[in-house]
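input.txt, holding compact mmCIF, C-alpha atoms:
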```
# COMPACT_ATOMS: atom_id res chain seq x y z
CA MET A 8 -34.83 11.90 -7.25
CA GLU A 9 -33.38 11.22 -10.69
CA ASN A 10 -34.74 14.60 -11.70
CA ILE A 11 -32.22 16.33 -9.45
CA VAL A 12 -29.33 14.56 -11.15
CA GLU A 13 -30.79 15.33 -14.57
CA LYS A 14 -31.29 18.97 -13.60
CA PHE A 15 -27.69 19.37 -12.53
CA ASN A 16 -26.43 17.51 -15.58
CA TYR A 17 -28.42 19.89 -17.76
CA LEU A 18 -27.07 22.94 -15.94
CA ILE A 19 -23.48 21.76 -16.37
CA ASN A 20 -23.87 21.29 -20.08
CA VAL A 21 -25.49 24.66 -20.73
CA GLU A 22 -23.40 26.56 -23.27
CA LEU A 23 -22.00 29.74 -21.76
CA LYS A 24 -21.31 31.53 -25.04
CA ASP A 25 -20.87 35.15 -24.03
CA TYR A 26 -19.36 34.41 -20.64
CA THR A 27 -15.79 35.32 -19.84
CA ASN A 28 -13.72 32.73 -18.01
CA LYS A 29 -14.20 34.57 -14.71
CA LYS A 30 -17.96 34.57 -15.16
CA LYS A 31 -17.89 30.88 -16.05
CA ILE A 32 -15.96 30.16 -12.86
CA SER A 33 -18.49 31.99 -10.70
CA TYR A 34 -21.35 30.16 -12.49
CA TYR A 35 -19.84 26.74 -11.78
CA GLU A 36 -18.97 27.72 -8.20
CA LYS A 37 -22.59 28.69 -7.59
CA LEU A 38 -23.72 25.42 -9.12
CA GLN A 39 -21.34 23.54 -6.85
CA LYS A 40 -22.77 25.31 -3.80
CA GLU A 41 -26.29 24.32 -4.80
CA LEU A 42 -25.13 20.76 -5.26
CA ASP A 43 -23.47 20.87 -1.82
CA ASP A 44 -26.80 21.82 -0.23
CA VAL A 45 -28.44 18.74 -1.72
CA MET A 46 -25.55 16.42 -0.87
CA ASN A 47 -25.13 17.67 2.68
CA ASP A 48 -28.05 15.64 3.98
CA GLU A 49 -27.31 13.14 6.73
CA LYS A 50 -29.99 10.71 5.60
CA ILE A 51 -29.33 10.94 1.88
CA ASP A 52 -29.73 7.77 -0.16
CA LEU A 53 -26.21 6.60 -1.00
CA ASP A 54 -27.10 5.73 -4.61
CA LEU A 55 -28.31 9.27 -5.14
CA PHE A 56 -25.22 10.57 -3.37
CA GLU A 57 -23.02 8.61 -5.77
CA ASP A 58 -24.85 10.01 -8.81
CA LEU A 59 -24.51 13.53 -7.44
CA LEU A 60 -20.83 12.96 -6.72
CA ARG A 61 -20.33 12.07 -10.38
CA VAL A 62 -21.90 15.42 -11.26
CA LYS A 63 -19.67 17.17 -8.74
CA LYS A 64 -16.58 15.57 -10.27
CA LYS A 65 -17.56 17.05 -13.63
CA ILE A 66 -17.96 20.51 -12.09
CA MET A 67 -14.63 20.18 -10.30
CA SER A 68 -12.88 19.22 -13.53
CA LYS A 69 -14.41 22.20 -15.33
CA LEU A 70 -13.36 24.55 -12.55
CA TYR A 71 -9.85 23.13 -12.49
CA ASN A 72 -9.44 23.60 -16.24
CA LEU A 73 -10.88 27.12 -16.19
CA LYS A 74 -8.67 28.16 -13.29
CA SER A 75 -5.57 26.73 -14.93
CA THR A 76 -6.28 28.74 -18.10
CA LEU A 77 -6.55 31.91 -15.99
CA GLU A 78 -3.10 31.27 -14.51
CA MET B 1 3.78 -51.69 25.49
CA SER B 2 7.18 -50.51 24.52
CA ARG B 3 6.24 -50.83 20.85
CA LYS B 4 3.17 -48.66 21.40
CA LEU B 5 5.27 -46.01 23.07
CA ASP B 6 7.75 -46.04 20.25
CA ARG B 7 5.05 -45.49 17.70
CA GLY B 8 2.74 -43.10 19.43
CA PHE B 9 4.86 -41.17 21.87
CA ILE B 10 5.65 -37.60 20.97
CA LYS B 11 8.54 -35.99 22.76
CA PRO B 12 7.48 -32.88 24.67
CA SER B 13 9.86 -30.67 22.71
CA THR B 14 8.28 -31.60 19.40
CA ARG B 15 4.73 -30.92 20.56
CA LYS B 16 3.11 -27.84 19.11
CA SER B 17 2.92 -26.24 22.53
CA ASN B 18 4.33 -22.90 21.43
CA TYR B 19 1.54 -22.12 18.99
CA PRO B 20 -0.03 -18.81 19.93
CA TYR B 21 -3.63 -20.08 19.91
CA LYS B 22 -2.81 -22.25 22.90
CA GLN B 23 -1.71 -19.25 24.90
CA THR B 24 -4.12 -16.57 23.75
CA GLY B 25 -7.13 -18.68 22.89
CA LYS B 26 -7.09 -17.22 19.37
CA LYS B 27 -6.91 -19.32 16.26
CA PHE B 28 -3.42 -19.24 14.85
CA ASP B 29 -3.31 -17.17 11.70
CA LYS B 30 -0.11 -17.72 9.79
CA LYS B 31 -0.63 -14.68 7.61
CA PHE B 32 -0.94 -12.26 10.51
CA GLU B 33 2.21 -13.73 12.02
CA LYS B 34 4.23 -13.40 8.85
CA ARG B 35 3.30 -9.88 7.85
CA LYS B 36 5.04 -7.26 9.92
CA GLY B 37 4.80 -3.82 8.33
CA LEU B 38 1.61 -1.83 7.90
CA ILE B 39 0.14 -1.35 4.45
CA TYR B 40 -0.99 2.15 3.58
CA ILE B 41 -3.49 2.44 0.75
CA ALA B 42 -5.41 5.34 -0.77
CA LEU B 43 -9.12 4.96 -1.43
CA ASP B 44 -11.13 6.51 -4.20
CA SER B 45 -14.46 8.10 -3.25
CA CYS B 46 -16.48 5.32 -4.93
CA ILE B 47 -14.82 2.72 -2.69
CA VAL B 48 -15.66 4.76 0.42
CA ILE B 49 -19.30 4.96 -0.65
CA ASP B 50 -19.44 1.22 -1.43
CA MET B 51 -18.00 0.39 1.99
CA MET B 52 -20.72 2.48 3.60
CA LYS B 53 -23.40 0.84 1.48
CA MET B 54 -22.14 -2.58 2.50
CA LEU B 55 -22.13 -1.76 6.20
CA ARG B 56 -25.62 -0.29 6.02
CA SER B 57 -27.16 -3.25 4.23
CA ASN B 58 -28.33 -6.31 6.13
CA ARG B 59 -27.39 -8.84 3.44
CA PRO B 60 -25.83 -12.03 4.75
CA TYR B 61 -22.18 -12.56 3.88
CA ASN B 62 -22.76 -15.61 1.70
CA THR B 63 -24.84 -13.56 -0.74
CA TYR B 64 -22.07 -10.99 -1.28
CA SER B 65 -20.49 -10.65 -4.70
CA GLN B 66 -16.74 -11.13 -5.02
CA TYR B 67 -16.28 -7.35 -5.00
CA PHE B 68 -18.11 -6.88 -1.70
CA LYS B 69 -16.29 -9.84 -0.17
CA GLY B 70 -13.07 -8.04 -1.00
CA LEU B 71 -14.36 -4.86 0.61
CA ARG B 72 -15.39 -6.78 3.73
CA LYS B 73 -11.94 -8.32 3.97
CA LEU B 74 -10.34 -4.91 3.61
CA LEU B 75 -12.46 -3.53 6.44
CA ASN B 76 -11.63 -6.51 8.65
CA HIS B 77 -7.92 -5.91 8.16
CA SER B 78 -8.20 -2.16 8.78
CA VAL B 79 -6.30 -0.75 11.76
CA PHE B 80 -9.23 1.50 12.69
CA GLY B 81 -12.76 0.31 13.25
CA LYS B 82 -16.18 1.63 14.18
CA ASP B 83 -16.58 4.28 16.91
CA HIS B 84 -12.87 5.04 17.22
CA ASN B 85 -12.03 1.46 18.12
CA TYR B 86 -8.82 0.02 16.83
CA ASN B 87 -7.96 -3.42 15.64
CA LYS B 88 -4.74 -4.78 17.16
CA ASP B 89 -4.36 -7.40 14.45
CA GLY B 90 -5.13 -4.95 11.66
CA ASP B 91 -2.47 -4.26 9.10
CA ILE B 92 -4.08 -1.91 6.58
CA VAL B 93 -4.37 1.86 6.99
CA PHE B 94 -6.84 3.69 4.74
CA CYS B 95 -5.75 7.11 3.52
CA ILE B 96 -7.76 9.87 1.93
CA LEU B 97 -5.89 11.93 -0.67
CA PRO B 98 -6.38 15.72 -0.83
CA HIS B 99 -8.45 15.65 -4.04
CA VAL B 100 -10.62 12.76 -2.82
CA LEU B 101 -11.22 14.81 0.32
CA GLN B 102 -12.24 17.75 -1.85
CA GLU B 103 -14.83 15.52 -3.52
CA LEU B 104 -16.23 14.54 -0.13
CA THR B 105 -16.35 18.04 1.36
CA ASP B 106 -18.71 20.92 0.85
CA SER B 107 -17.73 24.49 -0.05
CA ASN B 108 -17.17 25.31 3.65
CA GLY B 109 -14.48 22.62 3.80
CA GLU B 110 -16.48 20.21 5.94
CA ILE B 111 -17.01 16.57 5.06
CA TYR B 112 -20.60 15.82 4.01
CA SER B 113 -22.62 14.90 7.07
CA SER B 114 -23.54 11.46 5.71
CA MET B 115 -19.84 10.59 5.28
CA GLN B 116 -18.35 12.37 8.29
CA GLY B 117 -18.51 9.59 10.88
CA PHE B 118 -17.29 6.87 8.59
CA VAL B 119 -14.34 8.81 7.15
CA LYS B 120 -13.21 10.29 10.46
CA ASP B 121 -13.40 6.99 12.32
CA ARG B 122 -11.62 4.79 9.86
CA MET B 123 -9.32 6.88 7.70
CA VAL B 124 -6.24 9.06 7.87
CA ILE B 125 -6.79 12.30 5.98
CA LEU B 126 -3.60 13.34 4.21
CA GLU B 127 -3.62 17.07 4.77
CA ILE B 128 -0.85 18.99 3.02
CA ASP B 129 1.18 21.48 5.02
CA LYS B 130 0.49 25.08 4.03
CA GLU B 131 4.17 25.73 3.42
CA TYR B 132 4.40 22.97 0.81
CA GLN B 133 0.94 23.43 -0.73
CA GLY B 134 2.27 25.33 -3.76
CA SER B 135 5.08 22.95 -4.61
CA PHE B 136 2.83 19.91 -4.07
CA GLU B 137 0.15 21.26 -6.38
CA LYS B 138 2.75 22.11 -9.03
CA LYS B 139 4.08 18.60 -8.91
CA VAL B 140 0.57 17.12 -9.12
CA SER B 141 -0.43 19.26 -12.10
CA LYS B 142 2.85 18.51 -13.88
CA ILE B 143 2.31 14.75 -13.58
CA SER B 144 -1.39 14.94 -14.46
CA LYS B 145 -0.57 16.95 -17.61
CA LYS B 146 1.74 14.17 -18.71
CA TYR B 147 -1.03 11.59 -18.23
CA CYS B 148 -3.33 13.72 -20.33
CA GLU B 149 -0.71 14.14 -23.06
CA LEU B 150 -0.73 10.37 -23.37
CA GLY B 151 -4.52 10.49 -23.68
CA TYR B 152 -5.48 9.14 -20.27
CA PHE B 153 -8.02 10.51 -17.75
CA LEU B 154 -9.69 12.80 -20.27
CA GLY B 155 -13.29 13.94 -19.94
CA GLU B 156 -16.04 14.53 -22.47
CA ASP B 157 -14.46 17.66 -23.97
CA ASN B 158 -11.03 16.05 -24.09
CA LEU B 159 -10.08 18.05 -21.03
CA PRO B 160 -8.32 16.54 -18.00
CA THR B 161 -10.54 15.27 -15.21
CA THR B 162 -9.90 15.20 -11.47
CA ASP B 163 -9.06 11.48 -11.80
CA SER B 164 -5.65 12.45 -13.20
CA LEU B 165 -4.99 14.60 -10.12
CA ILE B 166 -5.96 11.79 -7.76
CA VAL B 167 -3.69 9.28 -9.51
CA ALA B 168 -0.82 11.81 -9.47
CA GLU B 169 -1.29 12.42 -5.74
CA SER B 170 -1.26 8.71 -5.01
CA ALA B 171 1.95 8.39 -7.05
CA ILE B 172 3.66 11.15 -5.05
CA PHE B 173 2.86 9.41 -1.77
CA ASN B 174 3.61 6.02 -3.39
CA LEU B 175 0.25 4.63 -2.28
CA ASN B 176 -1.71 2.00 -4.18
CA LEU B 177 -4.94 3.71 -5.20
CA LEU B 178 -7.95 1.42 -4.90
CA SER B 179 -10.79 2.27 -7.21
CA ARG B 180 -13.73 0.71 -9.01
CA ASP B 181 -13.59 3.25 -11.80
CA HIS B 182 -12.41 1.85 -15.15
CA HIS B 183 -10.97 5.26 -16.10
CA ILE B 184 -8.57 5.00 -13.18
CA CYS B 185 -7.72 1.30 -13.05
CA LEU B 186 -7.19 -1.43 -15.54
CA ASP B 187 -9.96 -1.42 -18.14
CA LYS B 188 -10.35 -4.90 -19.55
CA LYS B 189 -12.49 -3.58 -22.39
CA ASP B 190 -9.44 -1.72 -23.69
CA ARG B 191 -7.55 -3.21 -26.62
CA ASN B 192 -4.36 -3.33 -24.66
CA PRO B 193 -5.35 -2.88 -21.01
CA TYR B 194 -1.91 -3.30 -19.47
CA GLU B 195 -0.40 -0.64 -21.72
CA LYS B 196 -2.14 2.14 -19.78
CA ILE B 197 -0.77 1.06 -16.40
CA LYS B 198 2.71 0.57 -17.89
CA ARG B 199 2.72 4.08 -19.30
CA ILE B 200 1.39 5.62 -16.09
CA LEU B 201 4.15 3.92 -14.13
CA GLU B 202 6.66 5.18 -16.66
CA VAL B 203 5.48 8.77 -16.22
CA ASN B 204 5.63 8.41 -12.44
CA ARG B 205 9.11 6.93 -12.54
CA ARG B 206 10.41 9.81 -14.63
CA ALA B 207 8.70 12.53 -12.63
CA LEU B 208 9.50 11.12 -9.19
CA SER B 209 12.79 9.36 -9.80
CA ASN B 210 14.60 11.25 -7.05
CA ASP B 211 11.91 10.77 -4.44
CA PHE B 212 12.00 7.04 -3.77
CA ASP B 213 13.05 3.64 -4.85
CA GLY B 214 11.56 0.20 -4.24
CA LYS B 215 8.16 -0.99 -5.38
CA GLN B 216 6.08 1.50 -7.29
CA ALA B 217 2.46 2.17 -6.42
CA GLN B 218 -0.28 1.94 -9.04
CA PRO B 219 -4.04 2.27 -9.35
CA LEU B 220 -5.59 -1.11 -8.57
CA ARG B 221 -8.98 -2.76 -8.42
CA ILE B 222 -10.02 -4.51 -5.23
CA ASP B 223 -9.59 -8.01 -6.63
CA ALA B 224 -6.07 -7.26 -7.90
CA PHE B 225 -5.09 -5.76 -4.56
CA MET B 226 -6.51 -8.68 -2.59
CA ARG B 227 -4.60 -11.12 -4.78
CA GLU B 228 -1.34 -9.32 -3.94
CA PHE B 229 -2.35 -9.12 -0.30
CA ASP B 230 -3.08 -12.86 -0.06
CA LYS B 231 0.20 -13.67 -1.76
CA GLU B 232 1.90 -11.52 0.87
CA ALA B 233 3.65 -9.69 -1.93
CA ILE B 234 5.86 -6.71 -1.11
CA MET B 235 3.71 -3.59 -1.01
CA PRO B 236 4.86 -0.08 -1.94
CA LYS B 237 6.00 1.99 1.01
CA PHE B 238 4.48 5.29 1.98
CA ARG B 239 6.85 8.10 0.91
CA ASN B 240 7.08 11.89 0.82
CA ALA B 241 5.34 12.32 4.17
CA ASP B 242 7.27 15.60 4.51
CA TYR B 243 4.54 17.26 2.46
CA LEU B 244 2.03 16.52 5.21
CA ASN B 245 0.85 18.67 8.05
CA VAL B 246 2.85 18.21 11.27
CA GLY B 247 -0.26 16.89 13.04
CA VAL B 248 -0.85 14.23 10.38
CA GLN B 249 2.82 13.25 10.50
CA GLY B 250 2.47 12.75 14.27
CA ILE B 251 -0.58 10.55 13.74
CA ILE B 252 1.27 8.43 11.16
CA TYR B 253 4.22 8.10 13.53
CA ALA B 254 1.87 6.92 16.28
CA ILE B 255 0.18 4.41 13.97
CA ASN B 256 3.55 3.07 12.78
CA HIS B 257 4.63 2.54 16.36
CA ARG B 258 1.31 0.92 17.22
CA LYS B 259 0.42 3.70 19.63
CA LEU B 260 -3.11 3.87 18.35
CA VAL B 261 -4.52 5.44 21.49
CA LEU B 262 -1.92 8.17 21.12
CA ALA B 263 -3.03 8.65 17.51
CA LYS B 264 -6.54 9.37 18.76
CA ASP B 265 -5.19 11.68 21.46
CA LEU B 266 -3.22 13.59 18.85
CA GLY B 267 -6.56 14.32 17.23
CA LEU B 268 -6.84 11.71 14.51
CA ASN B 269 -9.10 13.34 11.93
CA GLU B 270 -10.79 15.73 14.28
```
As structure tokens, how would this structure be written, given the file I've shared?
Amino acid sequence: MENIVEKFNYLINVELKDYTNKKKISYYEKLQKELDDVMNDEKIDLDLFEDLLRVKKKIMSKLYNLKSTLE
Amino acid sequence: MSRKLDRGFIKPSTRKSNYPYKQTGKKFDKKFEKRKGLIYIALDSCIVIDMMKMLRSNRPYNTYSQYFKGLRKLLNHSVFGKDHNYNKDGDIVFCILPHVLQELTDSNGEIYSSMQGFVKDRMVILEIDKEYQGSFEKKVSKISKKYCELGYFLGEDNLPTTDSLIVAESAIFNLNLLSRDHHICLDKKDRNPYEKIKRILEVNRRALSNDFDGKQAQPLRIDAFMREFDKEAIMPKFRNADYLNVGVQGIIYAINHRKLVLAKDLGLNE
């Protein structure tokens, strides 16, 4: 189960060198959707859920900052 | 005989016959009697998860840590309980701020299925009215930027995190934000831990000076909140409810007037 958290953590920290801000936003939004699929399990272990939520917070912060730069 | 009467006789008027436990069969709780108003508090997502963990576990109460004892006490004092029941003696209302709700919902805008029952049964979701969405968000981002200028709530890349938005939202509604997170609350590992809270309150006072007076809300840890609660200290009052959806305002009105059944009928968190 820890592998899932590690996988998402890795995907967040991937450097998106040649990406424009719009592309970055769509990348993180896709990542968030994938994360949602994992988190949206009724019988999910709450410790895992908490770890995944921490990852989601990071994605949300990145999206918020990217969107505010677009404005 | 007369001596005995003099010593031991208690006049009927001085007997403790008016104590409520004699009439209702309940043990008299001085604290419940004294406290009149309801206390609205905002919960961070980690507290919601910890409450769920505690309710799911079968650990006996005497093995709880101080933190979980505090959580248990909070739940016992909550106005809403399990399966849409309500607690007549409860005096705490849990609120979920818009950004905390965003953390607990998927991309379709629905609360995660593992959380749904717990959040909907026990908490009031503070949904912003569409008309005021823009101005509310502007206000939130303005306050959060000021926190970040002071160097608080920054992430790994020195960019603002969602924590700053949550704290700003709680400040606008003047709700004490309960959290376990050291980034949000007092961090005792800091050199000067109280400085952070002081400065946050200063920012809030400047940004929201026209909105309310009275006691200011602040991010708190469970133990700090429970200390205030036990002391029966004055709690900050819920303000700026005009930003909320009409439906949510109706629910809050019903809760304030102790019409809890009406609150459910109005569609509390449906």
Inset, instruction - For chain B, list the residues within 8 Å of chain A, counting only C-alpha atoms, and write the list as a count of residues only. - result: 13
Inset, instruction - For Glu169 (chain B), please output as number ranges by chain all residues within 8 Å (counting only C-alpha atoms; exclusion window: fewer than 4 positions along the same chain). - result: B: 97-98, 140, 165, 173
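As for CA of Leu59 (chain A) and CA of Val12 (chain A), they are spaced 6.2 Å apart.
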Inset, instruction - For each of B:Ile172, B:Ala217, B:Ala207, B:Ile222, take the minimum atom-to-atom distance to Tyr243 (chain B), counting only C-alpha atoms, then give the residue where this is smallest. - result: B:Ile172
Inset, instruction - Record the distance separating CA of Leu74 (chain B) and CA of Gly214 (chain B), expressed in Å with one decimal. - result: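 Going from CA of Leu74 (chain B) over to CA of Gly214 (chain B) covers 23.8 Å.
Distances to Phe15 (chain A) were evaluated for A:Leu70, A:Leu55, A:Val62, A:Val45 using only C-alpha atoms, and the minimum falls at A:Val62.
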Legend entry - Length of the CA of Lys14 (chain A) to CA of Leu104 (chain B) vector [Å]: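 It comes out at 20.7 Å.
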Inset, instruction - Give as a VMD selection string each residue that has an atom at most 9 Å from (6.1, 25.7, 8.1) in the file, counting all atoms listed in the file. - result: chain B and resid 129 to 132 245 to 246
Take the residues from that selection and put them in a file with C-alpha atoms, as a tab-separated table (two decimals), keeping the file's coordinate frame.
```tsv
chain	number	residue	atom	x	y	z
B	129	ASP	CA	1.18	21.48	5.02
B	130	LYS	CA	0.49	25.08	4.03
B	131	GLU	CA	4.17	25.73	3.42
B	132	TYR	CA	4.40	22.97	0.81
B	245	ASN	CA	0.85	18.67	8.05
B	246	VAL	CA	2.85	18.21	11.27
```
Inset, instruction - Tell me, as an MDAnalysis selection string, which residues lie within 9 Å of region 24-30 of chain A, counting all atoms listed in the file; anything in the same chain fewer than 6 positions away does not count. - result: chainID A and resid 73:74 76:77
